[in-house]
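Trainee: I am attaching a structure below and will ask some questions about it afterwards.
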Amino acid sequence: MSSDELKRAAAQAALSYVSEGMKIGIGTGSTAEAFIHLLAERVGDGFHVTGIPTSERSARLCIELGVPLSSLDESPSLDLAIDGADEIDASLNLIKGGGGALLREKIVAHASSRFIVIADESKLVPALGSFPLPIEVNPFGLEATRGAAQRAYDSLGYSGELRLRVRDGQPYETDGGHFILDASFGHISDPKALSDALHLIPGVVEHGLFIGMTTVAIVAGADGVRTLVAAGA
Ligand SMILES: O=C[C@H](O)[C@H](O)[C@H](O)COP(=O)(O)O
């Protein structure tokens, strides 16, 4: 099976968690888009659901395919959110934000009773950190924030680099008007300690570590689709 077919298989399995009338957070990225396509088919068959998109990109696709949308302000409590991930560890902690949508994704996941991650098996890792951690920062004081983040990594014993994400020669701008620093420091031995340290920096808006948020991960691989349930979920 190709990577696209695996993403679609995971997205297909996630549909079984969606019931008539639910309000659901809709993620961002290629796997989430596979889910949007499948959800739109069901909506076309008369299924009622309201989506709360985590990015302008996902919102556009939902509108194009006829998936009804609402905002988190109109619907502040969601039944579930379904989203992709860049890395998933054995505790179902995640790195997200490769597509730049981590802030809205985290707000939406936090507002949801259940957070379901869909992925192909290439996203499963023994420890987080091979994928650079996206850190969303306010453009004001960028260099001061970059320095503070570097010192936070240094103090925790990591070595590596923070690189400003660039698109078409300009800093990549998120839907919220922020920039992203991609942090390449190798395996993250203590995700909670790193998360706490980054949250102490005023210019850091959010980071892509999703710790203890996942309810279920649906992972598609050569041997089929597996459902991994978080401890205590
Ligand atoms: O900001 C983007 C999101 O966190 C995505 O869910 C993540 O990057 C995974 O994307 P994909 O499904 O395209 O691998």
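Labeling convention for the structure tokens: chains A, B, ... as they appear, residues from 1 per chain, ligands from 1 in order of appearance.
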Determine, using only C-alpha atoms and all ligand atoms, which residues of chain A have any atom at most 7 Å from an atom of ligand 1, and tabulate each with its shortest atom pair and distance in Å to one decimal place, rows ordered by chain and then rising number, as JSON lines.

Mentor:
{"residue": "A:Gly27", "atom": "CA", "partner": "ligand 1", "partner_atom_place_in_ligand_line": "6 (O)", "distance": 6.1}
{"residue": "A:Thr28", "atom": "CA", "partner": "ligand 1", "partner_atom_place_in_ligand_line": "6 (O)", "distance": 4.9}
{"residue": "A:Gly29", "atom": "CA", "partner": "ligand 1", "partner_atom_place_in_ligand_line": "13 (O)", "distance": 3.8}
{"residue": "A:Ser30", "atom": "CA", "partner": "ligand 1", "partner_atom_place_in_ligand_line": "13 (O)", "distance": 3.6}
{"residue": "A:Thr31", "atom": "CA", "partner": "ligand 1", "partner_atom_place_in_ligand_line": "12 (O)", "distance": 3.7}
{"residue": "A:Ala32", "atom": "CA", "partner": "ligand 1", "partner_atom_place_in_ligand_line": "12 (O)", "distance": 5.9}
{"residue": "A:Asp83", "atom": "CA", "partner": "ligand 1", "partner_atom_place_in_ligand_line": "6 (O)", "distance": 5.5}
{"residue": "A:Gly84", "atom": "CA", "partner": "ligand 1", "partner_atom_place_in_ligand_line": "6 (O)", "distance": 3.7}
{"residue": "A:Ala85", "atom": "CA", "partner": "ligand 1", "partner_atom_place_in_ligand_line": "9 (C)", "distance": 4.1}
{"residue": "A:Asp86", "atom": "CA", "partner": "ligand 1", "partner_atom_place_in_ligand_line": "9 (C)", "distance": 4.7}
{"residue": "A:Lys96", "atom": "CA", "partner": "ligand 1", "partner_atom_place_in_ligand_line": "4 (O)", "distance": 3.7}
{"residue": "A:Gly97", "atom": "CA", "partner": "ligand 1", "partner_atom_place_in_ligand_line": "1 (O)", "distance": 3.3}
{"residue": "A:Gly98", "atom": "CA", "partner": "ligand 1", "partner_atom_place_in_ligand_line": "8 (O)", "distance": 3.6}
{"residue": "A:Gly99", "atom": "CA", "partner": "ligand 1", "partner_atom_place_in_ligand_line": "1 (O)", "distance": 3.3}
{"residue": "A:Gly100", "atom": "CA", "partner": "ligand 1", "partner_atom_place_in_ligand_line": "1 (O)", "distance": 4.0}
{"residue": "A:Ala101", "atom": "CA", "partner": "ligand 1", "partner_atom_place_in_ligand_line": "1 (O)", "distance": 3.7}
{"residue": "A:Leu102", "atom": "CA", "partner": "ligand 1", "partner_atom_place_in_ligand_line": "1 (O)", "distance": 5.0}
{"residue": "A:Glu105", "atom": "CA", "partner": "ligand 1", "partner_atom_place_in_ligand_line": "4 (O)", "distance": 7.0}
{"residue": "A:Ala119", "atom": "CA", "partner": "ligand 1", "partner_atom_place_in_ligand_line": "12 (O)", "distance": 6.7}

Trainee: Show me, as a short mmCIF file (atom, residue, chain, number, x, y, z; two decimals) with N, CA and C atoms, in the first residue's frame, the residues that have an atom within 7 Å of Lys23 of chain A when counting only C-alpha atoms, minus same-chain residues fewer than 3 positions from it.

Mentor:
data_model
loop_
_atom_site.label_atom_id
_atom_site.label_comp_id
_atom_site.auth_asym_id
_atom_site.auth_seq_id
_atom_site.Cartn_x
_atom_site.Cartn_y
_atom_site.Cartn_z
N VAL A 49 -23.21 16.49 10.56
CA VAL A 49 -22.07 16.70 11.44
C VAL A 49 -21.64 18.16 11.26
N THR A 50 -21.04 18.72 12.30
CA THR A 50 -20.51 20.08 12.18
C THR A 50 -19.02 20.04 12.45
N GLY A 51 -18.24 20.59 11.53
CA GLY A 51 -16.79 20.58 11.66
C GLY A 51 -16.26 21.92 12.16
N LEU A 78 -16.35 20.32 22.04
CA LEU A 78 -16.47 19.41 20.90
C LEU A 78 -16.52 17.96 21.36
N ASP A 79 -17.21 17.14 20.57
CA ASP A 79 -17.31 15.71 20.91
C ASP A 79 -15.97 15.02 20.69
#

Trainee: Excluding same-chain residues fewer than 3 positions from segment 171-174 of chain A, what lies within 10 Å of it counting only C-alpha atoms, as a ChimeraX atom specification?

Mentor: /A:55-56,99-104,136-137,139,164-168,177-181

Trainee: Contacts of Tyr153 of chain A at 10 Å or less, counting only C-alpha atoms, minus same-chain residues fewer than 3 places along, as an mmCIF file with N, CA and C atoms, in the first residue's frame?

Mentor:
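Produced file out.cif, reproduced below:
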data_model
loop_
_atom_site.group_PDB
_atom_site.id
_atom_site.type_symbol
_atom_site.label_atom_id
_atom_site.label_comp_id
_atom_site.auth_asym_id
_atom_site.auth_seq_id
_atom_site.Cartn_x
_atom_site.Cartn_y
_atom_site.Cartn_z
ATOM 1 N N GLY A 147 16.919 33.269 21.199
ATOM 2 C CA GLY A 147 17.994 33.116 22.178
ATOM 3 C C GLY A 147 17.506 32.443 23.451
ATOM 4 N N ALA A 148 16.322 32.846 23.897
ATOM 5 C CA ALA A 148 15.778 32.260 25.128
ATOM 6 C C ALA A 148 15.463 30.773 24.921
ATOM 7 N N ALA A 149 14.955 30.437 23.747
ATOM 8 C CA ALA A 149 14.654 29.023 23.466
ATOM 9 C C ALA A 149 15.946 28.207 23.400
ATOM 10 N N GLN A 150 16.968 28.804 22.775
ATOM 11 C CA GLN A 150 18.261 28.111 22.703
ATOM 12 C C GLN A 150 18.794 27.846 24.120
ATOM 13 N N LEU A 156 18.751 22.167 29.457
ATOM 14 C CA LEU A 156 18.249 20.792 29.610
ATOM 15 C C LEU A 156 19.222 19.762 29.031
ATOM 16 N N GLY A 157 20.354 20.256 28.513
ATOM 17 C CA GLY A 157 21.401 19.333 28.054
ATOM 18 C C GLY A 157 21.296 18.902 26.602
ATOM 19 N N TYR A 158 20.466 19.584 25.823
ATOM 20 C CA TYR A 158 20.353 19.240 24.402
ATOM 21 C C TYR A 158 21.324 20.103 23.587
ATOM 22 N N SER A 159 21.781 19.557 22.468
ATOM 23 C CA SER A 159 22.511 20.421 21.544
ATOM 24 C C SER A 159 21.914 20.273 20.147
ATOM 25 N N GLY A 160 21.805 21.416 19.495
ATOM 26 C CA GLY A 160 21.177 21.408 18.176
ATOM 27 C C GLY A 160 20.943 22.829 17.720
ATOM 28 N N GLU A 161 19.969 23.005 16.826
ATOM 29 C CA GLU A 161 19.762 24.365 16.307
ATOM 30 C C GLU A 161 18.292 24.677 16.104
ATOM 31 N N LEU A 162 18.009 25.976 16.149
ATOM 32 C CA LEU A 162 16.670 26.510 15.911
ATOM 33 C C LEU A 162 16.708 27.235 14.582
ATOM 34 N N ALA A 183 12.944 23.299 15.719
ATOM 35 C CA ALA A 183 14.016 22.971 16.667
ATOM 36 C C ALA A 183 14.524 21.555 16.415
ATOM 37 N N PHE A 185 17.021 19.130 17.799
ATOM 38 C CA PHE A 185 17.910 18.839 18.926
ATOM 39 C C PHE A 185 17.943 17.336 19.233
ATOM 40 N N LEU A 194 10.753 19.728 28.669
ATOM 41 C CA LEU A 194 10.982 20.645 27.548
ATOM 42 C C LEU A 194 9.759 21.532 27.323
ATOM 43 N N ALA A 197 9.651 24.224 29.963
ATOM 44 C CA ALA A 197 10.698 25.232 29.765
ATOM 45 C C ALA A 197 10.328 26.186 28.625
ATOM 46 N N LEU A 198 9.778 25.641 27.545
ATOM 47 C CA LEU A 198 9.401 26.500 26.412
ATOM 48 C C LEU A 198 8.227 27.405 26.770
#

Trainee: Please provide as a PyMOL selection string all residues within 12 Å of Val225 of chain A, with the sequence filter that same-chain residues fewer than 3 positions apart are discarded (counting only C-alpha atoms).

Mentor: chain A and resi 1+5-14+118-121+217-222+228

Trainee: Go ahead and write the residues just picked, N, CA and C atoms, as a compact mmCIF listing (two decimals), in the first residue's frame.

Mentor:
# COMPACT_ATOMS: atom_id res chain seq x y z
N MET A 1 0.85 -1.21 0.00
CA MET A 1 0.00 0.00 0.00
C MET A 1 0.88 1.25 0.00
N GLU A 5 -2.51 5.60 0.52
CA GLU A 5 -3.52 4.57 0.81
C GLU A 5 -3.57 4.26 2.31
N LEU A 6 -2.39 4.27 2.95
CA LEU A 6 -2.37 4.03 4.40
C LEU A 6 -3.06 5.16 5.15
N LYS A 7 -2.79 6.39 4.74
CA LYS A 7 -3.45 7.54 5.39
C LYS A 7 -4.96 7.43 5.23
N ARG A 8 -5.39 7.04 4.04
CA ARG A 8 -6.82 6.90 3.79
C ARG A 8 -7.42 5.78 4.64
N ALA A 9 -6.66 4.70 4.81
CA ALA A 9 -7.17 3.58 5.62
C ALA A 9 -7.34 4.01 7.08
N ALA A 10 -6.38 4.78 7.60
CA ALA A 10 -6.50 5.28 8.98
C ALA A 10 -7.69 6.24 9.08
N ALA A 11 -7.83 7.10 8.09
CA ALA A 11 -8.94 8.07 8.09
C ALA A 11 -10.28 7.34 8.03
N GLN A 12 -10.32 6.30 7.23
CA GLN A 12 -11.56 5.51 7.10
C GLN A 12 -11.95 4.91 8.46
N ALA A 13 -10.96 4.36 9.15
CA ALA A 13 -11.24 3.75 10.46
C ALA A 13 -11.72 4.79 11.47
N ALA A 14 -11.21 6.02 11.34
CA ALA A 14 -11.62 7.07 12.28
C ALA A 14 -13.09 7.45 12.12
N ILE A 118 -4.74 10.13 13.56
CA ILE A 118 -4.71 9.19 12.44
C ILE A 118 -3.37 9.34 11.72
N ALA A 119 -2.80 8.19 11.34
CA ALA A 119 -1.46 8.25 10.75
C ALA A 119 -1.13 6.94 10.04
N ASP A 120 -0.14 7.03 9.16
CA ASP A 120 0.47 5.80 8.65
C ASP A 120 1.59 5.43 9.61
N GLU A 121 2.03 4.17 9.55
CA GLU A 121 2.93 3.67 10.60
C GLU A 121 4.31 4.32 10.61
N ALA A 217 -4.89 6.46 18.98
CA ALA A 217 -4.17 6.65 17.71
C ALA A 217 -4.56 5.50 16.78
N ILE A 218 -4.98 5.85 15.59
CA ILE A 218 -5.34 4.85 14.58
C ILE A 218 -4.21 4.86 13.56
N VAL A 219 -3.49 3.73 13.49
CA VAL A 219 -2.26 3.68 12.70
C VAL A 219 -2.39 2.59 11.63
N ALA A 220 -2.21 2.99 10.39
CA ALA A 220 -2.33 2.04 9.29
C ALA A 220 -0.94 1.63 8.80
N GLY A 221 -0.75 0.32 8.63
CA GLY A 221 0.52 -0.19 8.14
C GLY A 221 0.31 -1.37 7.21
N ALA A 222 1.42 -1.97 6.83
CA ALA A 222 1.36 -3.07 5.88
C ALA A 222 0.50 -4.23 6.41
N LEU A 228 -4.46 2.16 18.85
CA LEU A 228 -3.66 2.23 20.07
C LEU A 228 -4.40 3.15 21.04

Trainee: Got a sec: who's within 8 Å of Ser130 of chain A, counting only C-alpha atoms, leaving out chain neighbours fewer than 2 positions off, as a ChimeraX atom specification?

Mentor: /A:128,132,184,186-187

Trainee: Go ahead and save the picked residues with N, CA and C atoms, as a PDB file, in the first residue's frame.

Mentor:
ATOM      1  N   LEU A 128      10.345  10.781  20.736  1.00  0.00           N
ATOM      2  CA  LEU A 128      10.094  11.971  19.923  1.00  0.00           C
ATOM      3  C   LEU A 128      11.393  12.735  19.661  1.00  0.00           C
ATOM      4  N   PRO A 132      11.948  17.759  13.545  1.00  0.00           N
ATOM      5  CA  PRO A 132      12.192  19.031  14.252  1.00  0.00           C
ATOM      6  C   PRO A 132      10.918  19.542  14.926  1.00  0.00           C
ATOM      7  N   SER A 184      15.777  21.468  15.952  1.00  0.00           N
ATOM      8  CA  SER A 184      16.395  20.154  15.699  1.00  0.00           C
ATOM      9  C   SER A 184      17.429  19.878  16.780  1.00  0.00           C
ATOM     10  N   GLY A 186      17.481  16.533  18.289  1.00  0.00           N
ATOM     11  CA  GLY A 186      17.525  15.085  18.482  1.00  0.00           C
ATOM     12  C   GLY A 186      16.461  14.604  19.442  1.00  0.00           C
ATOM     13  N   HIS A 187      16.649  13.382  19.916  1.00  0.00           N
ATOM     14  CA  HIS A 187      15.613  12.743  20.740  1.00  0.00           C
ATOM     15  C   HIS A 187      15.311  13.538  22.007  1.00  0.00           C
TER      16      HIS A 187
END

Trainee: Name the residues of segment 100-231 of chain A that fall into strand (DSSP E or B) according to DSSP on the backbone, using the chain letters and numbers of this document, as a ChimeraX atom specification.

Mentor: /A:112-120,124,133-137,161-164,166-167,170-171,179-184,204-207,209-210,216-221,224-229

Trainee: With C-alpha atoms kept, could you save the residues just selected as a tab-separated table (two decimals), in the first residue's frame?

Mentor:
chain	number	residue	atom	x	y	z
A	112	SER	CA	-12.58	18.12	22.57
A	113	SER	CA	-13.75	15.26	24.79
A	114	ARG	CA	-11.68	12.83	22.73
A	115	PHE	CA	-8.66	13.43	20.52
A	116	ILE	CA	-8.13	10.84	17.80
A	117	VAL	CA	-4.86	10.77	15.89
A	118	ILE	CA	-4.71	9.19	12.44
A	119	ALA	CA	-1.46	8.25	10.75
A	120	ASP	CA	0.47	5.80	8.65
A	124	LEU	CA	5.44	5.75	15.10
A	133	LEU	CA	9.88	20.42	16.93
A	134	PRO	CA	7.86	23.38	15.59
A	135	ILE	CA	7.79	26.29	18.05
A	136	GLU	CA	5.31	29.05	17.21
A	137	VAL	CA	6.60	32.46	18.23
A	161	GLU	CA	19.76	24.36	16.31
A	162	LEU	CA	16.67	26.51	15.91
A	163	ARG	CA	15.85	27.45	12.35
A	164	LEU	CA	13.28	30.06	11.31
A	166	VAL	CA	10.87	30.20	5.57
A	167	ARG	CA	8.54	30.05	2.59
A	170	GLN	CA	10.00	35.11	3.67
A	171	PRO	CA	9.34	33.92	7.22
A	179	PHE	CA	6.42	32.69	12.93
A	180	ILE	CA	7.76	29.17	13.47
A	181	LEU	CA	11.16	28.11	14.77
A	182	ASP	CA	11.91	24.48	13.88
A	183	ALA	CA	14.02	22.97	16.67
A	184	SER	CA	16.40	20.15	15.70
A	204	VAL	CA	6.71	31.45	22.61
A	205	VAL	CA	3.05	31.25	21.67
A	206	GLU	CA	2.90	27.42	21.65
A	207	HIS	CA	4.95	24.42	20.66
A	209	LEU	CA	4.53	18.76	21.72
A	210	PHE	CA	1.11	17.26	22.46
A	216	VAL	CA	-6.66	6.95	20.58
A	217	ALA	CA	-4.17	6.65	17.71
A	218	ILE	CA	-5.34	4.85	14.58
A	219	VAL	CA	-2.26	3.68	12.70
A	220	ALA	CA	-2.33	2.04	9.29
A	221	GLY	CA	0.52	-0.19	8.14
A	224	GLY	CA	-3.54	-3.52	8.59
A	225	VAL	CA	-5.02	-0.83	10.81
A	226	ARG	CA	-4.21	-0.81	14.53
A	227	THR	CA	-5.95	1.16	17.24
A	228	LEU	CA	-3.66	2.23	20.07
A	229	VAL	CA	-5.45	3.41	23.20

Trainee: Measure the distance from atom CA of Leu72 of chain A to atom CA of Ala111 of chain A in Å and round it to one decimal.

Mentor: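 Going from atom CA of Leu72 of chain A over to atom CA of Ala111 of chain A, I get 8.4 Å.
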
Trainee: Nearest residue to Val108 of chain A out of A:Gly169, A:Gly66, A:Gly46, A:Gly25, using only C-alpha atoms?

Mentor: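 Closest to Val108 of chain A, using only C-alpha atoms: A:Gly25.
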